[in-house]
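A short worksheet on the structure shown next.
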Amino acid sequence: MQFGVLGPLAVTTDGGAPVAVPGAKVRLLLADLLTNRNHVVSADRLIDDLWGADAPANPAGALQVRVSQLRKALGDAEPGGKDLVESRAPGYVLRTTVVDADRFAALAAGSDVESLSAALALWRGDAYADLADSECVRAEATRLTEQRLVAQEKLAAARLARGEHDLVAADLAELVARHPLREGLRALHIRALYAAGRQAEALDSYADLRERLAEELGLDPSPELVALHGKLLAQDSELSPAPAPPPPAAARIRNSLPARLDELVGRGEALAELRHLVPARRLVTLVGPGGVGKTRLATEVARGQSYPDGVHLVELAPLPPGDPGVVDRVLTALDVHEPPGSPVTAADRLTTALRSRDLLLVLDNCEHVLDAAADLVGHLLRDAPGVRVLATSREPLGLTGEVLWEVPPLPLPDDEYDVDAVRRSAAARLFTARAAAQQRTFRLDERTAPAVAQLCRRLDGLPLALELAATRVRALGLAGVVERLDDRFSLLTATTRDLPSRQRALTAVIGWSWDLLPDAHRQVLARLAVFSDGCTAEAAAEVCAADLDTLTTLVDRSLVVFDEDDRPRYRLLESIAAFGLERLEHPDDVRARHAAYFTALAERADPELRGPRQGEWLARLDAETANFAAALEHGGGLRLANALTWYWFLRGRLTEARRALAVDGDAVQEARAVPWRLGFAVLQGAPVSPDELRKVVAGCADDRSAWFVGAAALERSELALADELLPAEPADRWTDAAAASTRAMIAHATGDLAALERWATRSARLFTELEDRWGQLRASDWLGGLAEMRGDHAAAAAVHQEGLRSAEALALWPEAAGKLSWLAWLAVQTRDNARGVELAERAYRLAREQGTDSVLVFAQLSLGIAARRSGALDVAVEHLTRLAERGRAEAQPALYLPMILVELGYAAEQRGDPDAGMALHREAFGVVQAFAVAQGMELPRDAAAVVEAMASAAAALGSPEVAALLLGAAAASRSPLEAPAAPAERDEIARVAERLTETLGPDRFATLTADGRTLSLEQAVQPL
């Protein structure tokens, strides 16, 4: 049995299954024992901790009951679990060595980045988050919080020692804002800012601390901080950044910017200007010829920016010329999924996602997709006020408000015979730095300066050309490089006189490097140009017949870029790819091999996406998005589209799936595609008749595609039809698990607890055996729903909290938003309205970004209920009215509409208009009845809640007898459901019952409620 206190109190079996600990007092007892684990806690102290001055009449007996409940919960979850809690005079002791706080302490004792990172990763929120207000755990929670801060400081110091100045400065900013007077933390942040080149911000941070200390505490900064300030002013070399280590595997840094692999030379003034310009203007476009360094300058500028929602690089180079898919590239880069039932365009979906976000979008290489890029940026500038765009292009986007910043070539030497003048030239400094990296002994001196100056002028100061030329110094020597370059220029001048001189310079260097390659290496380089957004070594071998030695040679000569990651990739710069494509022999054959390779990869991946390696394969397919698009265009066809259907569904790319599946294929592929075409169409809200759905399912070649169609029908609230379409006895375990999850969803909607338990448990068991985390996530929705319906809200919250972690790990953001909505709902139903609002707002923001309508409804429902119960009626009515209008407009009776109307009715009653409240409750009851007629399924929980609300309105309208009958009928309807009212719902019932007892007297009230228990709900509401 494992215990977690670094967040909400959590208990899991050794196998990882959550353990439900029932009741607030039992959970507090467990927390008390965990705080004093392996030590006896006296019974008197436990009684005082649990009840304080409100101890029951028999406190020892009450404590024994809670201990028994705790031991039973642990024993039911795992054999031997109850024995962890022992009775030892004068009280009880919990014996355990498996507590996350102990693991944290052991890891935090280390000083290396890995141990400290692992220690902090154990935290799931504030220590004892759900019990921190309890006196018995407050001191322990405070101690753990301090230990967490110390570990965060140690980690920051360790990362600074590794040279991660930019990242540490960004990561500590929020922590310093939360603890502005913590001097050790502030000193680390100041050091990180200074080392990251943000000296002014470092000085500002010190000044802010000094002012806060004086104003709030009447103190001066510590001597250590004063000394640090002095070093800042003196620009002490001790504060200079240590050389950064080589980029680690997975060399991707925050904000989706590529890792910095070498120094940016000669752009200091440009960086300073642009770092002030970009935050001040909505659209800045860096323009200039190919090879002038637009991309590198843009990424370096972006690296110095800080936005609440991050900085995101979107590389457009992989798109074919004129491709309209710019929006899709941005959606993918931002992890925005396409929700079911959404008819909006991709551009509108992106605008919705970004409308309330504050971020910088870097669009790189816009020139070949200029119209699509300009349309998108214009859209964002109009409708997403917090978005700023930094674009790179060979020509302007042509939009109002665009600031053009021309990226010039690097300055050239004034006098080639003046060594100092050559050294001052940025072009010469770049060439020298790159040449010295290739040949350690290379120096810029009196002997080499004239040749370097000549080469810089011949190459027009273009960074890419200079870097390519520098790679040849080791093999040819400086003089040999200049001589060979002259030969190439002679040829170019004779054959390409119409090209601008700068373009001739770049083409000359690429062509010259090409000429120096053996024929086999040239063929590989040209073939690599068919890849979009790079490739793995395996793909290069299959498509290009490239071995590692060849790839390494091309990397060494700066013709291929090597990107380190979990799966290293090789890619071509845009200019080199264009050069290679012009010289590609037998392009159709190469593209056919490319399509065949990625079709095989997708077919290999498809079953892996339903098993233990799901996360790994999702990441692998994510990296090949552009290659799949290219393969679909050049021979992959319907076979490739069929192989990618489940990947597209998991990633929420429904439009892309429908577009790819629309092509023709052979008979076998057509038969596979039909149900997926229809299912994706239904998910996007296309009007498809039930008979057409039945016809397609009847012809399905496999049960999995039949399940997909049935599950899609359920997304539009067609419960009975979905149940009919699902395969009765699926032939494989995965489809069995998926169908069980869908049936659990239907049972949850109709309040059938027996069926819900049967199907949810089956789905969870099968998905766990299959190790499919997406499936476990779906099953957890209904396991949590089952616990909530049975009144075990703590267990439900534990299930959904674990589901949230899984969704975040898999980057399934719509599912993460759904889990947040569940947690918000549970908080509201258990009277924690403040927590409910916090979670619902998080869910709402994420759902709005992802365009997930069902989650938006769920989150807004919690916001509305919390606002009403907190007395903020205007806010409540605003939320709830929008939802009601939406639900009324749906073709099918909306499942959530009765609940919305009930809450609006309560709000009307609270505003002093019980007549309006009653009208809304009547409408809600009518919706429940209409749903039963349309779907052939009852909604007993909703019906009972509506009748309870009617009782409240009837009491307010002066009809206490009717109200009492209604309460009795509602209570009778709940009894067989085994689904008690939630604590917050019980408050409403108790309020009405208390009012009626005062009006009617206890005896009369009891008689009438007993009479009401003999009535059906329809009979009880008939007088109304």
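We name chains A, B, ... following the order of the structure tokens; residues begin at 1 in each chain, and ligands are numbered from 1 as shown.
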Open item on the list: Please return, as a PyMOL selection string, all residues of segment 98-175 of chain A that DSSP assigns to helix (DSSP H, G or I) on the basis of the backbone.
Closed with: chain A and resi 100-108+113-121+135-161+165-175
- [ ] Provide the atom CA of His594 of chain A to atom CA of Thr332 of chain A distance in Å, to one decimal place.
- [x]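 So the two atoms, atom CA of His594 of chain A and atom CA of Thr332 of chain A, lie 22.2 Å apart.
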Set the distance at 6 Å and use only C-alpha atoms: which residues neighbour His165 of chain A once local chain neighbours fewer than 3 positions away are removed? I'd like the list as a PDB file with N, CA, C and O atoms, in the first residue's frame.
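Printed below is selection_17.pdb as written:
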```
ATOM      1  N   LEU A 160      21.971  26.143 -12.803  1.00  0.00           N
ATOM      2  CA  LEU A 160      22.844  27.265 -13.140  1.00  0.00           C
ATOM      3  C   LEU A 160      24.276  26.787 -13.347  1.00  0.00           C
ATOM      4  O   LEU A 160      24.970  27.248 -14.261  1.00  0.00           O
ATOM      5  N   VAL A 168      16.488  28.692 -16.209  1.00  0.00           N
ATOM      6  CA  VAL A 168      16.345  28.949 -14.780  1.00  0.00           C
ATOM      7  C   VAL A 168      15.712  30.319 -14.543  1.00  0.00           C
ATOM      8  O   VAL A 168      14.843  30.487 -13.684  1.00  0.00           O
ATOM      9  N   ALA A 192      20.772  34.161 -12.432  1.00  0.00           N
ATOM     10  CA  ALA A 192      20.305  33.586 -13.695  1.00  0.00           C
ATOM     11  C   ALA A 192      20.028  34.684 -14.716  1.00  0.00           C
ATOM     12  O   ALA A 192      20.397  34.557 -15.897  1.00  0.00           O
ATOM     13  N   ALA A 195      23.401  36.077 -15.987  1.00  0.00           N
ATOM     14  CA  ALA A 195      24.102  35.134 -16.862  1.00  0.00           C
ATOM     15  C   ALA A 195      23.384  34.953 -18.192  1.00  0.00           C
ATOM     16  O   ALA A 195      24.008  34.614 -19.200  1.00  0.00           O
ATOM     17  N   ALA A 196      22.071  35.204 -18.208  1.00  0.00           N
ATOM     18  CA  ALA A 196      21.302  35.078 -19.449  1.00  0.00           C
ATOM     19  C   ALA A 196      21.369  36.344 -20.296  1.00  0.00           C
ATOM     20  O   ALA A 196      20.675  36.451 -21.308  1.00  0.00           O
TER      21      ALA A 196
END
```
Task: Spatial neighbours of Leu232 of chain A, max dist 10 Å, only C-alpha atoms, sep filter under 3 positions, as a ChimeraX atom specification - done: /A:190-191,194,199-200,202-203,206,226-229,235-239
Taking all heavy atoms for each residue, export the selection above as a short mmCIF file (atom, residue, chain, number, x, y, z; two decimals), in the first residue's frame.
```cif
data_model
loop_
_atom_site.label_atom_id
_atom_site.label_comp_id
_atom_site.auth_asym_id
_atom_site.auth_seq_id
_atom_site.Cartn_x
_atom_site.Cartn_y
_atom_site.Cartn_z
N ILE A 190 18.50 36.46 -9.64
CA ILE A 190 19.35 37.57 -10.11
C ILE A 190 20.55 37.02 -10.86
O ILE A 190 20.92 37.52 -11.94
CB ILE A 190 19.79 38.44 -8.91
CG1 ILE A 190 18.58 39.23 -8.38
CG2 ILE A 190 20.91 39.39 -9.30
CD1 ILE A 190 18.85 39.95 -7.06
N ARG A 191 21.19 35.98 -10.34
CA ARG A 191 22.34 35.38 -11.02
C ARG A 191 21.94 34.82 -12.39
O ARG A 191 22.66 34.96 -13.37
CB ARG A 191 22.95 34.27 -10.16
CG ARG A 191 23.74 34.77 -8.96
CD ARG A 191 24.30 33.61 -8.14
NE ARG A 191 25.13 34.08 -7.05
CZ ARG A 191 26.43 34.35 -7.16
NH1 ARG A 191 27.04 34.20 -8.33
NH2 ARG A 191 27.12 34.78 -6.12
N TYR A 194 21.35 37.69 -14.88
CA TYR A 194 22.61 38.28 -15.31
C TYR A 194 23.32 37.37 -16.32
O TYR A 194 23.79 37.81 -17.38
CB TYR A 194 23.52 38.55 -14.11
CG TYR A 194 24.80 39.28 -14.47
CD1 TYR A 194 24.85 40.67 -14.44
CD2 TYR A 194 25.93 38.58 -14.87
CE1 TYR A 194 26.01 41.35 -14.79
CE2 TYR A 194 27.09 39.24 -15.23
CZ TYR A 194 27.13 40.63 -15.19
OH TYR A 194 28.27 41.29 -15.54
N GLN A 199 20.97 41.84 -17.80
CA GLN A 199 21.56 42.54 -16.66
C GLN A 199 20.64 43.59 -16.07
O GLN A 199 20.56 43.77 -14.85
CB GLN A 199 22.90 43.18 -17.08
CG GLN A 199 24.00 42.17 -17.33
CD GLN A 199 24.05 41.71 -18.78
OE1 GLN A 199 23.07 41.85 -19.49
NE2 GLN A 199 25.18 41.18 -19.20
N ALA A 200 19.94 44.32 -16.94
CA ALA A 200 19.05 45.36 -16.44
C ALA A 200 17.94 44.76 -15.57
O ALA A 200 17.58 45.30 -14.52
CB ALA A 200 18.44 46.13 -17.61
N ALA A 202 18.20 42.01 -13.87
CA ALA A 202 18.82 41.56 -12.64
C ALA A 202 18.91 42.71 -11.63
O ALA A 202 18.59 42.56 -10.45
CB ALA A 202 20.20 40.99 -12.92
N LEU A 203 19.30 43.89 -12.11
CA LEU A 203 19.39 45.06 -11.23
C LEU A 203 18.00 45.48 -10.76
O LEU A 203 17.81 45.86 -9.59
CB LEU A 203 20.08 46.21 -11.97
CG LEU A 203 21.58 46.02 -12.22
CD1 LEU A 203 22.09 47.04 -13.22
CD2 LEU A 203 22.36 46.11 -10.91
N TYR A 206 16.88 43.25 -7.90
CA TYR A 206 17.50 43.61 -6.62
C TYR A 206 16.81 44.85 -6.03
O TYR A 206 16.51 44.90 -4.83
CB TYR A 206 18.99 43.88 -6.81
CG TYR A 206 19.66 44.36 -5.54
CD1 TYR A 206 20.08 43.47 -4.57
CD2 TYR A 206 19.86 45.73 -5.31
CE1 TYR A 206 20.67 43.90 -3.39
CE2 TYR A 206 20.45 46.18 -4.13
CZ TYR A 206 20.85 45.27 -3.17
OH TYR A 206 21.43 45.71 -2.02
N VAL A 226 23.87 42.23 -0.85
CA VAL A 226 24.55 43.51 -1.11
C VAL A 226 25.83 43.26 -1.90
O VAL A 226 26.15 43.98 -2.86
CB VAL A 226 24.84 44.23 0.21
CG1 VAL A 226 25.72 45.46 -0.04
CG2 VAL A 226 23.53 44.65 0.89
N ALA A 227 26.57 42.21 -1.50
CA ALA A 227 27.80 41.87 -2.23
C ALA A 227 27.49 41.46 -3.66
O ALA A 227 28.21 41.83 -4.60
CB ALA A 227 28.53 40.74 -1.50
N LEU A 228 26.41 40.70 -3.85
CA LEU A 228 26.01 40.30 -5.20
C LEU A 228 25.66 41.52 -6.03
O LEU A 228 26.03 41.61 -7.22
CB LEU A 228 24.81 39.34 -5.11
CG LEU A 228 24.20 38.90 -6.44
CD1 LEU A 228 25.22 38.18 -7.30
CD2 LEU A 228 22.98 38.00 -6.19
N HIS A 229 24.98 42.49 -5.44
CA HIS A 229 24.64 43.72 -6.15
C HIS A 229 25.90 44.44 -6.60
O HIS A 229 25.99 44.95 -7.73
CB HIS A 229 23.79 44.62 -5.24
CG HIS A 229 23.35 45.88 -5.91
ND1 HIS A 229 23.61 47.14 -5.39
CD2 HIS A 229 22.67 46.10 -7.06
CE1 HIS A 229 23.11 48.06 -6.19
NE2 HIS A 229 22.52 47.45 -7.20
N GLN A 235 30.19 44.25 -13.01
CA GLN A 235 30.21 43.23 -14.06
C GLN A 235 31.31 42.21 -13.79
O GLN A 235 32.13 41.86 -14.65
CB GLN A 235 30.38 43.87 -15.45
CG GLN A 235 29.23 44.77 -15.83
CD GLN A 235 29.30 45.26 -17.25
OE1 GLN A 235 30.32 45.14 -17.91
NE2 GLN A 235 28.19 45.80 -17.73
N ASP A 236 31.30 41.72 -12.56
CA ASP A 236 32.30 40.77 -12.09
C ASP A 236 32.28 39.52 -12.97
O ASP A 236 31.21 38.96 -13.26
CB ASP A 236 31.98 40.40 -10.63
CG ASP A 236 33.14 39.68 -9.95
OD1 ASP A 236 33.67 38.74 -10.56
OD2 ASP A 236 33.48 40.06 -8.81
N SER A 237 33.47 39.06 -13.34
CA SER A 237 33.57 37.89 -14.21
C SER A 237 33.03 36.63 -13.53
O SER A 237 32.67 35.66 -14.21
CB SER A 237 35.02 37.66 -14.63
OG SER A 237 35.84 37.46 -13.49
N GLU A 238 32.98 36.64 -12.22
CA GLU A 238 32.45 35.48 -11.49
C GLU A 238 30.99 35.20 -11.88
O GLU A 238 30.51 34.07 -11.80
CB GLU A 238 32.55 35.73 -9.99
CG GLU A 238 31.97 34.60 -9.13
CD GLU A 238 31.85 34.97 -7.67
OE1 GLU A 238 32.68 35.77 -7.19
OE2 GLU A 238 30.91 34.49 -7.01
N LEU A 239 30.28 36.26 -12.27
CA LEU A 239 28.86 36.10 -12.62
C LEU A 239 28.65 35.71 -14.07
O LEU A 239 27.53 35.43 -14.47
CB LEU A 239 28.11 37.42 -12.35
CG LEU A 239 28.14 37.94 -10.91
CD1 LEU A 239 27.37 39.24 -10.82
CD2 LEU A 239 27.53 36.91 -9.97
#
```
Task: Spatial neighbours of Ser975 of chain A, 12 Å, only C-alpha atoms, chain gap at least 5 places, as a ChimeraX atom specification - done: /A:790,940-941,944,968-970,980-981,1013
Taking all heavy atoms for each residue, export the selection above as an mmCIF file, in the first residue's frame.
```cif
data_model
loop_
_atom_site.group_PDB
_atom_site.id
_atom_site.type_symbol
_atom_site.label_atom_id
_atom_site.label_comp_id
_atom_site.auth_asym_id
_atom_site.auth_seq_id
_atom_site.Cartn_x
_atom_site.Cartn_y
_atom_site.Cartn_z
ATOM 1 N N ARG A 790 -22.683 7.238 -6.226
ATOM 2 C CA ARG A 790 -22.898 6.505 -4.975
ATOM 3 C C ARG A 790 -22.576 7.345 -3.745
ATOM 4 O O ARG A 790 -22.664 6.864 -2.626
ATOM 5 C CB ARG A 790 -22.060 5.231 -4.986
ATOM 6 C CG ARG A 790 -22.651 4.151 -5.880
ATOM 7 C CD ARG A 790 -21.839 2.895 -5.867
ATOM 8 N NE ARG A 790 -22.577 1.795 -6.469
ATOM 9 C CZ ARG A 790 -22.022 0.663 -6.886
ATOM 10 N NH1 ARG A 790 -20.725 0.476 -6.763
ATOM 11 N NH2 ARG A 790 -22.766 -0.286 -7.425
ATOM 12 N N PRO A 940 -33.741 9.025 -14.355
ATOM 13 C CA PRO A 940 -34.371 9.108 -13.026
ATOM 14 C C PRO A 940 -33.689 10.090 -12.085
ATOM 15 O O PRO A 940 -34.375 10.746 -11.289
ATOM 16 C CB PRO A 940 -34.247 7.663 -12.508
ATOM 17 C CG PRO A 940 -33.150 7.037 -13.317
ATOM 18 C CD PRO A 940 -33.210 7.685 -14.656
ATOM 19 N N ARG A 941 -32.369 10.199 -12.117
ATOM 20 C CA ARG A 941 -31.707 11.153 -11.215
ATOM 21 C C ARG A 941 -32.122 12.580 -11.550
ATOM 22 O O ARG A 941 -32.396 13.397 -10.668
ATOM 23 C CB ARG A 941 -30.188 11.037 -11.334
ATOM 24 C CG ARG A 941 -29.586 9.819 -10.704
ATOM 25 C CD ARG A 941 -28.078 9.881 -10.792
ATOM 26 N NE ARG A 941 -27.491 10.746 -9.788
ATOM 27 C CZ ARG A 941 -26.323 11.353 -9.911
ATOM 28 N NH1 ARG A 941 -25.626 11.237 -11.018
ATOM 29 N NH2 ARG A 941 -25.849 12.103 -8.938
ATOM 30 N N ALA A 944 -35.722 13.232 -10.405
ATOM 31 C CA ALA A 944 -35.835 13.449 -8.968
ATOM 32 C C ALA A 944 -35.355 14.850 -8.587
ATOM 33 O O ALA A 944 -35.980 15.537 -7.765
ATOM 34 C CB ALA A 944 -35.028 12.392 -8.215
ATOM 35 N N GLY A 968 -41.623 13.967 -0.904
ATOM 36 C CA GLY A 968 -41.811 12.539 -0.650
ATOM 37 C C GLY A 968 -41.660 11.719 -1.921
ATOM 38 O O GLY A 968 -41.014 10.667 -1.922
ATOM 39 N N ALA A 969 -42.273 12.188 -3.003
ATOM 40 C CA ALA A 969 -42.188 11.460 -4.269
ATOM 41 C C ALA A 969 -40.743 11.409 -4.770
ATOM 42 O O ALA A 969 -40.282 10.371 -5.269
ATOM 43 C CB ALA A 969 -43.079 12.131 -5.312
ATOM 44 N N ALA A 970 -40.015 12.527 -4.641
ATOM 45 C CA ALA A 970 -38.615 12.563 -5.080
ATOM 46 C C ALA A 970 -37.762 11.601 -4.256
ATOM 47 O O ALA A 970 -36.912 10.874 -4.783
ATOM 48 C CB ALA A 970 -38.063 13.977 -4.978
ATOM 49 N N PRO A 980 -27.542 8.512 -3.792
ATOM 50 C CA PRO A 980 -28.021 9.583 -2.917
ATOM 51 C C PRO A 980 -27.714 10.961 -3.478
ATOM 52 O O PRO A 980 -26.815 11.124 -4.316
ATOM 53 C CB PRO A 980 -27.228 9.337 -1.620
ATOM 54 C CG PRO A 980 -25.980 8.645 -2.069
ATOM 55 C CD PRO A 980 -26.398 7.780 -3.221
ATOM 56 N N ALA A 981 -28.459 11.927 -2.998
ATOM 57 C CA ALA A 981 -28.180 13.310 -3.389
ATOM 58 C C ALA A 981 -26.797 13.710 -2.878
ATOM 59 O O ALA A 981 -26.340 13.256 -1.828
ATOM 60 C CB ALA A 981 -29.247 14.233 -2.820
ATOM 61 N N ARG A 1013 -44.522 9.544 -1.002
ATOM 62 C CA ARG A 1013 -43.740 8.364 -1.367
ATOM 63 C C ARG A 1013 -44.562 7.329 -2.125
ATOM 64 O O ARG A 1013 -44.004 6.447 -2.779
ATOM 65 C CB ARG A 1013 -43.137 7.728 -0.122
ATOM 66 C CG ARG A 1013 -41.989 8.518 0.478
ATOM 67 C CD ARG A 1013 -41.449 7.864 1.750
ATOM 68 N NE ARG A 1013 -40.300 8.569 2.256
ATOM 69 C CZ ARG A 1013 -39.028 8.348 1.877
ATOM 70 N NH1 ARG A 1013 -38.786 7.422 0.957
ATOM 71 N NH2 ARG A 1013 -38.041 9.035 2.392
#
```
